[in-house]
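Undergrad: One structure is given below, represented as structure tokens, and several questions about it will come after.
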Amino acid sequence: MTIDLKTVKHISKLARISTDEKKANKLANDLNSIFKFIEALNELDTEKVEPLTSIADTKLRLREDKFEANNIRDKILKNSPDENKDYFVVPKVVE
Amino acid sequence: MSDITKLSLNELIKNIRNKKLSSTEITNSFIERSEKSKKLNTYVTDNFSNALAAAKIFDEKPNMDLKLPGIPIAVKDLFCTNGVRTTAGSNILNNFIPPYESTVTQSMWDEGAILLGKLNCDEFAMGSSNETSFFGNVQNPIGENLVPGGSSGGSSAALAANLTPVTIGTDTGGSIRQPASFTGTVGLKPTYGSCSRYGIVAFASSLDQAGPMSQNVKDAALLLEVISKFDNKDSTSIDFKRNKYSSELTNNIKGLKIGIPNEYRVEGMPKEIEDLWKTGIEIIKDCGAEIVDISLPNTKYALPTYYIVAPAEASSNLARYDGVKYGFRSEGENLIDMYEKTRSEGFGEEVKRRILIGTYVLSSGYYDAYYLKAQKVRQLIKKDFDNVYNNVDAILTPSTPSSAFKIGEKTDDPVSMYLNDIFTVPVNLAGLPGISIPTGIDNKGFPLGLQIIGKPFDEQTILNIAYSMEEKINFKNDITDWWM
Amino acid sequence: MDVMAKNNQFFIEREQNKYEVVIGLEVHAQVTSDSKLFSSSPTKFGAEPNTQVSLVDAAFPGMLPVINEFCIKQAIKTGIGLKAKINKKSIFDRKNYFYADLPQGYQISQYKYPIIGEGKVILDMADGQKEIGIERLHLEQDAGKSIHDIDPTNTFVDLNRSGVALMEIVSKPDLRSPEEVNIYIKKLRSIMRYLGTCDGNMQEGSLRADVNVSVRRQGDDNFGTRCEIKNVNSIKFMQMAIIYEANRQVDLIEEGKNIDQETRLFDTKKNETRSMRSKEDAHDYRYFPDPDLLPLEISDEFISKIKDEIPELPDEKKKRFIDKFNLSSYEANILVSDFDTSKYFEEVIKNSDVKLATNWITGELFAVLNEKNLEISKSPVSSNNLSKLINLIKDGTISGKIAKTIFEEMIDGDKDPQTIVDQKGLKQESDPKALEELINKVIKNNTSKVEEYKSGKDKLFGFFVGQVMKESKGKGNPQLINKILKEKLNG
């Protein structure tokens, strides 16, 4: 199976990474060689195998429902690219 | 004392406790040497002035009961450090200053260690040569224009060059063990769930583990003892009874059964690696342990499985780098435009490649064929290990299929780069502990390592085996300070 | 089950054809909890922007989710309330998409293996009951809030809500009319309020729904292509959106056009739905199990402990009210639909007459609550005092008419009815001698009317009753007055 240019553009869009024609071509090449190598898995019959959902040999721990009333807005917003002191700011979204 | 930086961690601690050396003296020595070693490009961000201040404070009121009393340590730049820039080797986090500390580094500071700086690494730990870092490649102190391995390449290079007494890296597919092998140092990847992932920039959540890198096994045991801790901030952290790795360390491995997996004799493996492995087997026998031939039949599927699982998780883990909350932003006409510009300018080529692989294998119509399939094969790989561990206590393999290669040698061929991790990846997929110890050199004089893989939660046994072997191998790194 | 509802039918008619509307709801109910699903930030509504946000909620690098036990209990409780299957193993998945108010770039949700499986909700319609199937209930994180109207060129993001636990309750496509949707939502809300798992406050966004609408010709067995109307936050808007959307789809079919399966948005100002382009290309959510979490395993013991905490639910309570108190189905419905109402009712009848209590609560009390726009939990008349008032009526101390006057006074500061009766001397006059005196006086003063009555003008009886009542200042016992008056006039 080969990954064509259209697929590369589609997954780039899904991943929110812009690509131009040249880059997309290079990526298609790279991805094809990687997938060629990945497809070795197809020779294995895994029909009856349970997929492994977690490698951690433990049970999901449950946290007590307690809140910490720390207002850390300043810390949270400090690294934000915009200067606003109350909100994160992004270019206008039109729905 | 002129050779402070050559001392091992345990020797430094001894000298501090005996008051032969102060934390300030030690810290100064490592800073001085680091300043003279800029050519290696190991540091992304240094913390020298803060470190000196902290050393002074330590010396004024030294607490010798701590496990790492006043010891300066530089760490991989994947660990978030409170108030100190943390980049993960990426442009997208170029200006990110975390207001929090990773659990693993916090454990080190709690035991008296001092942050020396943040060490270069492959971008988001994706790479085997440290060449994908936004901050440039790192030189292997073994020889000019050699890669130090990756992704913990800044860590392995800084350690081998004696710019830090020990360090910590992270290992997703071999990122501690492979660079350790390339630089003649010791690197240990603990059992998945041993060290908390809280505060470590995530690459692939089901594979990532932090671990110690050191000049010798004893240092690794001590550092592991400090950082291996149950943490309820990480849901995958496991509350098992941990050994006192350093004090329980023994060179008595008589009667242990060590497995030699047939499937690790891969096609095209250099004879030197084969010979090294044989040497290791002889040493093990010499130590009184028993060698058992074993089979891990699904080994050859490990790398393809890894290159589905790791990129899939990464594609999702790296979705948070979108220019909204922190890090780099490229202005756009609208939200989507801003996302796309930020992420294409903020991420490097390898990271983008892996995000796209991951996006593809999870996308509608392909999930079953790739991701689900990989999860099933991962189960088979894990079962392989479960089976052999009924008969053996540990497994001995080469760490890498080659020694350090030239910078630029493999950058154009992603698949050949990925093959570097062929011996280390199965260990991550199965969540097992593995340690690489320097064992010999190839005909170019570059170090080669052997890997000991243990049962889950049985770090003590692989440390003991490594410790016994180390004694007999008596490996000395030949480093000439060529960069100075 | 009573009679199956069948008269409550809803069709969209065109010249040639009659269309049935098929509706399925995905209700997002905010779990009542102190802290968020995967972090310890508070969940309180109405805080200053971004003040209830932790490093986890804002998806800082290396931050990890740790699940809240109480939220799991709440989901299981709700599952029990929906008579649903509790899945002992469920998995949290990541739903991947980019949006400004989704800091992680994915939402932690449950996809293939939800915590709760199939269940049902019984609707009490005017003409009988109808069962609506529940497909599943799963836990997920809420997103933050994008604010588009603060600044002309930018969108502002508030992450206070980011990470708050939601239960997504997915119905089967069993709903057939806007009225059924209304009753379904109210019933769901009632069950969750009984359980204390969701406050159901739609103004605060605690309950919202995605509405799936399709249409088909009457008698057709196959479903039509559906459209999903996202995030509608009031029952009225849901109903308006359904009516608009169903008509839009019918028009397309009538014109021989295709309906595109798509996500739409209800514009409350224009009262229409429109395609949501921003979501179009983000449709491939790439679900996969969240590797930061493990599968959630629930033991039988855990479930049975929760079962012990389940209160009597509306359906059971209704049955009990009918069986034990002889209420009509209609009355019982009104009294059980809201937990606080049922609680109030049961408090009142502890010491007073059921029939009177039913009438007073559904009549006078509801009127006052309605007028003052109050919840019954904030009722100006306590259950204790209403109970006393009813007893005063029952034992003949006051008449029903006086009771209404007293009730008016009780509203102001929850006054004790006995005190009002005493202070104002409103005690009913039931002494036959005293009443006879009054009656004699009225007869004496209206001799010509008495003559008229006696000559056959029966209708005048009411006049005499009125006069006696007036003389008694409204306090005369009406039954006694009637009795004595009849004896006097006829005798």
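Ligands are numbered from 1 in the order shown, residues from 1 within each chain, and chains are lettered A, B, ... in the order they appear in the structure tokens.
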According to DSSP computed on the backbone, where in chain A is there helix (DSSP H, G or I)? Give the residues as a PyMOL selection string.
TA: chain A and resi 5-14+21-43+73-78
Undergrad: Go ahead and save the picked residues with N, CA and C atoms, as a tab-separated table (two decimals), in the first residue's frame.
TA:
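Below you can see out32.tsv, which holds the result:
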chain	number	residue	atom	x	y	z
A	5	LEU	N	0.09	11.66	-2.29
A	5	LEU	CA	0.19	13.06	-1.93
A	5	LEU	C	-1.08	13.58	-1.25
A	6	LYS	N	-2.19	13.08	-1.75
A	6	LYS	CA	-3.48	13.52	-1.22
A	6	LYS	C	-3.61	13.10	0.25
A	7	THR	N	-3.20	11.87	0.53
A	7	THR	CA	-3.25	11.38	1.90
A	7	THR	C	-2.33	12.19	2.80
A	8	VAL	N	-1.13	12.48	2.31
A	8	VAL	CA	-0.19	13.28	3.10
A	8	VAL	C	-0.82	14.62	3.44
A	9	LYS	N	-1.47	15.22	2.45
A	9	LYS	CA	-2.09	16.53	2.70
A	9	LYS	C	-3.23	16.40	3.69
A	10	HIS	N	-3.98	15.33	3.57
A	10	HIS	CA	-5.11	15.12	4.48
A	10	HIS	C	-4.63	14.94	5.92
A	11	ILE	N	-3.63	14.08	6.11
A	11	ILE	CA	-3.19	13.88	7.50
A	11	ILE	C	-2.45	15.11	8.05
A	12	SER	N	-1.80	15.85	7.15
A	12	SER	CA	-1.17	17.10	7.60
A	12	SER	C	-2.23	18.06	8.12
A	13	LYS	N	-3.34	18.09	7.42
A	13	LYS	CA	-4.45	18.95	7.83
A	13	LYS	C	-4.98	18.51	9.19
A	14	LEU	N	-5.16	17.20	9.34
A	14	LEU	CA	-5.65	16.68	10.63
A	14	LEU	C	-4.69	17.02	11.76
A	21	GLU	N	3.93	21.68	-1.59
A	21	GLU	CA	4.03	20.56	-2.53
A	21	GLU	C	5.34	19.77	-2.36
A	22	LYS	N	6.43	20.54	-2.26
A	22	LYS	CA	7.75	19.91	-2.21
A	22	LYS	C	7.90	19.07	-0.93
A	23	LYS	N	7.51	19.69	0.18
A	23	LYS	CA	7.59	18.98	1.46
A	23	LYS	C	6.70	17.77	1.47
A	24	ALA	N	5.51	17.92	0.92
A	24	ALA	CA	4.56	16.82	0.90
A	24	ALA	C	5.13	15.64	0.11
A	25	ASN	N	5.80	15.94	-1.00
A	25	ASN	CA	6.41	14.88	-1.80
A	25	ASN	C	7.48	14.13	-1.02
A	26	LYS	N	8.33	14.90	-0.34
A	26	LYS	CA	9.39	14.29	0.46
A	26	LYS	C	8.79	13.43	1.56
A	27	LEU	N	7.76	13.99	2.22
A	27	LEU	CA	7.09	13.25	3.29
A	27	LEU	C	6.47	11.96	2.78
A	28	ALA	N	5.83	12.05	1.62
A	28	ALA	CA	5.21	10.86	1.05
A	28	ALA	C	6.27	9.78	0.85
A	29	ASN	N	7.44	10.18	0.34
A	29	ASN	CA	8.54	9.24	0.16
A	29	ASN	C	8.96	8.59	1.48
A	30	ASP	N	9.23	9.47	2.46
A	30	ASP	CA	9.65	8.98	3.78
A	30	ASP	C	8.62	8.03	4.37
A	31	LEU	N	7.39	8.45	4.34
A	31	LEU	CA	6.34	7.66	4.97
A	31	LEU	C	6.21	6.31	4.27
A	32	ASN	N	6.34	6.32	2.96
A	32	ASN	CA	6.25	5.04	2.25
A	32	ASN	C	7.35	4.09	2.65
A	33	SER	N	8.56	4.62	2.80
A	33	SER	CA	9.63	3.69	3.18
A	33	SER	C	9.43	3.20	4.61
A	34	ILE	N	8.90	4.06	5.48
A	34	ILE	CA	8.64	3.64	6.86
A	34	ILE	C	7.51	2.60	6.89
A	35	PHE	N	6.49	2.85	6.11
A	35	PHE	CA	5.36	1.91	6.15
A	35	PHE	C	5.69	0.58	5.49
A	36	LYS	N	6.60	0.62	4.56
A	36	LYS	CA	7.03	-0.63	3.94
A	36	LYS	C	7.63	-1.53	5.03
A	37	PHE	N	8.36	-0.88	5.91
A	37	PHE	CA	9.03	-1.59	6.97
A	37	PHE	C	8.03	-1.99	8.08
A	38	ILE	N	7.04	-1.15	8.28
A	38	ILE	CA	6.02	-1.45	9.28
A	38	ILE	C	5.14	-2.63	8.85
A	39	GLU	N	4.96	-2.74	7.54
A	39	GLU	CA	4.00	-3.75	7.08
A	39	GLU	C	4.46	-5.19	7.26
A	40	ALA	N	5.66	-5.36	7.79
A	40	ALA	CA	6.10	-6.71	8.16
A	40	ALA	C	5.10	-7.35	9.12
A	41	LEU	N	4.37	-6.51	9.86
A	41	LEU	CA	3.42	-7.03	10.84
A	41	LEU	C	2.30	-7.83	10.20
A	42	ASN	N	2.03	-7.53	8.93
A	42	ASN	CA	0.90	-8.18	8.29
A	42	ASN	C	1.04	-9.70	8.20
A	43	GLU	N	2.28	-10.18	8.23
A	43	GLU	CA	2.45	-11.62	8.11
A	43	GLU	C	2.07	-12.36	9.39
A	73	ARG	N	-3.84	31.62	38.31
A	73	ARG	CA	-4.02	32.22	36.98
A	73	ARG	C	-2.76	32.88	36.44
A	74	ASP	N	-2.06	33.60	37.31
A	74	ASP	CA	-0.86	34.31	36.85
A	74	ASP	C	0.19	33.33	36.30
A	75	LYS	N	0.37	32.24	37.04
A	75	LYS	CA	1.33	31.22	36.60
A	75	LYS	C	0.90	30.58	35.28
A	76	ILE	N	-0.40	30.31	35.21
A	76	ILE	CA	-0.95	29.61	34.04
A	76	ILE	C	-0.80	30.49	32.79
A	77	LEU	N	-1.00	31.80	32.97
A	77	LEU	CA	-1.01	32.69	31.80
A	77	LEU	C	0.37	33.27	31.49
A	78	LYS	N	1.33	33.07	32.39
A	78	LYS	CA	2.62	33.72	32.25
A	78	LYS	C	3.36	33.34	30.97
Undergrad: For chain C against chain A, which residues fall within 6 Å using only C-alpha atoms, given as a PyMOL selection string?
TA: chain C and resi 34-35+40-42+50-51+67-70+153-158+278+294+296
Undergrad: Compute the chain B side of the contact with chain C at 6 Å, counting only C-alpha atoms, and hand it back as a CSV table (one decimal) with N, CA and C atoms, in the first residue's frame.
TA:
chain,number,residue,atom,x,y,z
B,198,TYR,N,5.5,12.3,35.9
B,198,TYR,CA,4.9,13.6,36.1
B,198,TYR,C,6.0,14.7,35.9
B,199,GLY,N,5.7,15.6,35.0
B,199,GLY,CA,6.6,16.7,34.8
B,199,GLY,C,7.7,16.4,33.7
B,200,ILE,N,7.6,15.2,33.1
B,200,ILE,CA,8.5,14.9,32.0
B,200,ILE,C,7.8,15.2,30.7
B,201,VAL,N,8.3,16.0,29.8
B,201,VAL,CA,7.7,16.3,28.5
B,201,VAL,C,7.4,14.9,27.9
B,202,ALA,N,6.2,14.6,27.5
B,202,ALA,CA,5.8,13.3,27.1
B,202,ALA,C,6.2,13.1,25.6
B,205,SER,N,3.6,7.9,25.9
B,205,SER,CA,3.3,7.7,27.3
B,205,SER,C,3.4,6.3,27.8
B,206,SER,N,3.1,5.3,26.9
B,206,SER,CA,3.1,3.9,27.4
B,206,SER,C,4.5,3.3,27.3
B,235,SER,N,-0.8,8.2,37.1
B,235,SER,CA,-1.7,7.0,37.2
B,235,SER,C,-1.0,5.7,36.8
B,319,ALA,N,-0.2,17.3,20.5
B,319,ALA,CA,-1.2,18.2,20.0
B,319,ALA,C,-1.4,19.4,20.9
B,320,ARG,N,-0.9,19.4,22.2
B,320,ARG,CA,-1.0,20.5,23.1
B,320,ARG,C,-0.1,21.7,22.7
B,362,LEU,N,-3.7,6.2,13.3
B,362,LEU,CA,-4.9,6.3,14.1
B,362,LEU,C,-6.1,6.8,13.3
B,363,SER,N,-5.9,7.2,12.0
B,363,SER,CA,-7.0,7.8,11.3
B,363,SER,C,-8.1,6.7,10.9
Undergrad: For chain B, which residues have at least one atom within 8 Å of chain A, if we go by only C-alpha atoms? Write them as a CSV table (one decimal) with C-alpha atoms, in the first residue's frame, please.
TA:
chain,number,residue,atom,x,y,z
B,96,PHE,CA,9.0,27.9,28.0
B,97,ILE,CA,9.7,28.3,31.7
B,99,PRO,CA,6.2,26.9,37.0
B,192,TYR,CA,7.6,0.9,33.3
B,193,GLY,CA,5.9,2.5,36.3
B,206,SER,CA,3.1,3.9,27.4
B,235,SER,CA,-1.7,7.0,37.2
B,236,THR,CA,0.8,4.6,35.7
B,237,SER,CA,3.2,4.8,38.6
B,238,ILE,CA,3.4,1.5,40.4
B,301,TYR,CA,8.2,-7.4,14.9
B,303,LEU,CA,10.6,-2.3,15.7
B,304,PRO,CA,7.6,-2.1,13.3
B,305,THR,CA,5.3,-2.3,16.4
B,307,TYR,CA,7.0,2.7,15.0
B,308,ILE,CA,3.2,2.5,15.2
B,315,SER,CA,0.8,12.6,17.6
B,319,ALA,CA,-1.2,18.2,20.0
B,323,GLY,CA,0.7,28.3,20.2
B,324,VAL,CA,-2.2,29.0,22.6
B,325,LYS,CA,-1.0,28.5,26.1
B,326,TYR,CA,2.8,28.6,26.1
B,327,GLY,CA,5.8,28.3,23.8
B,328,PHE,CA,6.3,29.4,20.3
B,329,ARG,CA,3.5,31.0,18.3
B,332,GLY,CA,-1.9,33.5,11.6
B,333,GLU,CA,-4.9,35.1,9.9
B,334,ASN,CA,-7.3,32.9,11.8
B,335,LEU,CA,-7.1,30.1,14.4
B,336,ILE,CA,-6.4,27.3,12.0
B,338,MET,CA,-2.1,30.1,13.4
B,339,TYR,CA,-2.1,26.4,14.4
B,340,GLU,CA,-0.6,25.3,11.1
B,341,LYS,CA,2.1,27.9,11.0
B,343,ARG,CA,3.3,23.7,14.4
B,344,SER,CA,5.1,23.6,11.0
B,352,LYS,CA,6.6,16.2,12.0
B,353,ARG,CA,7.3,13.0,10.3
B,355,ILE,CA,3.3,13.1,14.1
B,356,LEU,CA,2.1,12.4,10.6
B,357,ILE,CA,2.8,8.6,10.9
B,359,THR,CA,-2.0,10.6,12.8
B,360,TYR,CA,-2.2,8.2,9.8
B,372,LEU,CA,-4.9,-2.2,17.0
B,373,LYS,CA,-2.6,-4.7,15.2
B,374,ALA,CA,0.4,-3.1,16.9
B,375,GLN,CA,-1.3,-3.4,20.3
B,376,LYS,CA,-1.8,-7.1,19.6
B,377,VAL,CA,1.7,-7.7,18.5
B,378,ARG,CA,2.9,-5.8,21.6
B,379,GLN,CA,0.9,-8.4,23.6
B,380,LEU,CA,2.8,-11.2,21.8
B,414,PRO,CA,14.9,7.5,8.6
B,415,VAL,CA,14.6,3.7,8.5
B,429,LEU,CA,7.3,-2.5,24.5
B,430,ALA,CA,7.3,-5.1,27.3
B,431,GLY,CA,7.8,-2.5,30.0
Undergrad: Near region 298-313 of chain C, within 7 Å and counting only C-alpha atoms, which residues show up once chain neighbours fewer than 4 positions away are dropped, as a list of chain:residue names?
TA: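 Result of the neighbour search: C:Lys73, C:Lys77, C:Lys88, C:Lys89, C:Ile191, C:Tyr194, C:Leu195, C:Lys317.
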Undergrad: I'd like the neighbourhood of Ser37 (chain B) as a ChimeraX atom specification, where a residue qualifies if any of its atoms comes within 7 Å (using only C-alpha atoms), though same-chain residues fewer than 4 positions away should be ignored.
TA: /B:33,483-484
Undergrad: Using DSSP on the backbone, list every residue of chain A that comes out as strand (DSSP E), and give them as a list in words.
TA: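 For chain A, the strand (DSSP E) set is Phe88, Val89, Val90 and Pro91 of chain A.
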Undergrad: Put those residues in a file: N, CA and C atoms, as a JSON list (two decimals), in the first residue's frame.
TA:
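Here's the written file result-v1.json:
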[["chain", "number", "residue", "atom", "x", "y", "z"],
["A", 88, "PHE", "N", -6.59, 33.42, 27.84],
["A", 88, "PHE", "CA", -5.77, 33.05, 26.70],
["A", 88, "PHE", "C", -6.42, 33.72, 25.48],
["A", 89, "VAL", "N", -5.60, 34.16, 24.55],
["A", 89, "VAL", "CA", -6.15, 34.89, 23.42],
["A", 89, "VAL", "C", -5.69, 34.23, 22.12],
["A", 90, "VAL", "N", -6.63, 34.00, 21.23],
["A", 90, "VAL", "CA", -6.30, 33.42, 19.92],
["A", 90, "VAL", "C", -6.99, 34.25, 18.83],
["A", 91, "PRO", "N", -6.50, 34.12, 17.59],
["A", 91, "PRO", "CA", -7.20, 34.85, 16.52],
["A", 91, "PRO", "C", -8.67, 34.45, 16.48]]
Undergrad: Hey, what's within 9 Å of region 247-254 of chain C if we count only C-alpha atoms and toss same-chain stuff fewer than 3 positions away? As a PyMOL selection string, please?
TA: chain C and resi 12-14+17+19+214-216+242-244+257-259+273
Undergrad: Output the selection as a compact mmCIF listing (two decimals), in the first residue's frame - C-alpha atoms for each residue.
TA:
# COMPACT_ATOMS: atom_id res chain seq x y z
CA ILE C 12 -44.80 17.01 9.28
CA GLU C 13 -47.26 17.13 6.46
CA ARG C 14 -46.83 18.16 2.85
CA ASN C 17 -46.77 12.99 2.16
CA TYR C 19 -43.32 12.55 7.59
CA SER C 214 -33.84 12.64 10.78
CA VAL C 215 -37.17 12.31 8.99
CA ARG C 216 -38.88 9.49 7.12
CA ILE C 242 -36.02 20.04 15.88
CA ILE C 243 -39.01 21.66 14.22
CA TYR C 244 -36.81 23.81 11.99
CA LYS C 257 -32.47 16.66 -2.98
CA ASN C 258 -30.09 14.75 -0.74
CA ILE C 259 -29.62 15.36 2.96
CA THR C 273 -29.94 25.55 11.97
Undergrad: Write out as a list in words each polymer residue whose atoms come within 9 Å of Thr397 (chain C), counting only C-alpha atoms; drop sequence neighbours fewer than 6 positions from it.
TA: Asn391, Val421, Leu426, Lys427, Gln428, Glu429, Ser430 and Asn477 of chain C
Undergrad: Taking only C-alpha atoms into account, which of C:Leu374, C:Ala241, C:Leu188, C:Cys227 comes nearest Gln261 (chain C)?
TA: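 With only C-alpha atoms as the atom set, the closest residue is C:Cys227.
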Undergrad: Quick one: pull the distance between CA of Leu159 (chain B) and CA of Ser468 (chain B), Å, one decimal.
TA: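 Going from CA of Leu159 (chain B) over to CA of Ser468 (chain B) covers 22.0 Å.
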Undergrad: Which polymer residues have any atom within 9 Å of an atom of Leu139 (chain C), counting only C-alpha atoms, with same-chain residues fewer than 2 positions away left out, as a CSV table (one decimal) with C-alpha atoms, in the first residue's frame?
TA:
chain,number,residue,atom,x,y,z
C,31,VAL,CA,-21.4,15.6,37.2
C,37,LEU,CA,-12.6,14.6,36.6
C,71,CYS,CA,-17.2,11.0,39.5
C,72,ILE,CA,-17.1,7.3,38.8
C,75,ALA,CA,-21.8,7.8,36.8
C,92,PHE,CA,-10.8,6.0,28.7
C,108,ILE,CA,-10.4,12.3,27.4
C,109,SER,CA,-13.6,10.4,26.9
C,110,GLN,CA,-14.8,6.8,26.5
C,114,PRO,CA,-18.2,3.1,28.2
C,115,ILE,CA,-18.8,2.7,31.9
C,137,LEU,CA,-23.5,6.6,29.3
C,141,GLN,CA,-14.0,16.0,30.2
C,165,ALA,CA,-16.6,15.8,34.5
C,166,LEU,CA,-19.5,15.3,32.2
C,167,MET,CA,-21.7,12.3,31.7
C,168,GLU,CA,-22.7,11.9,28.1
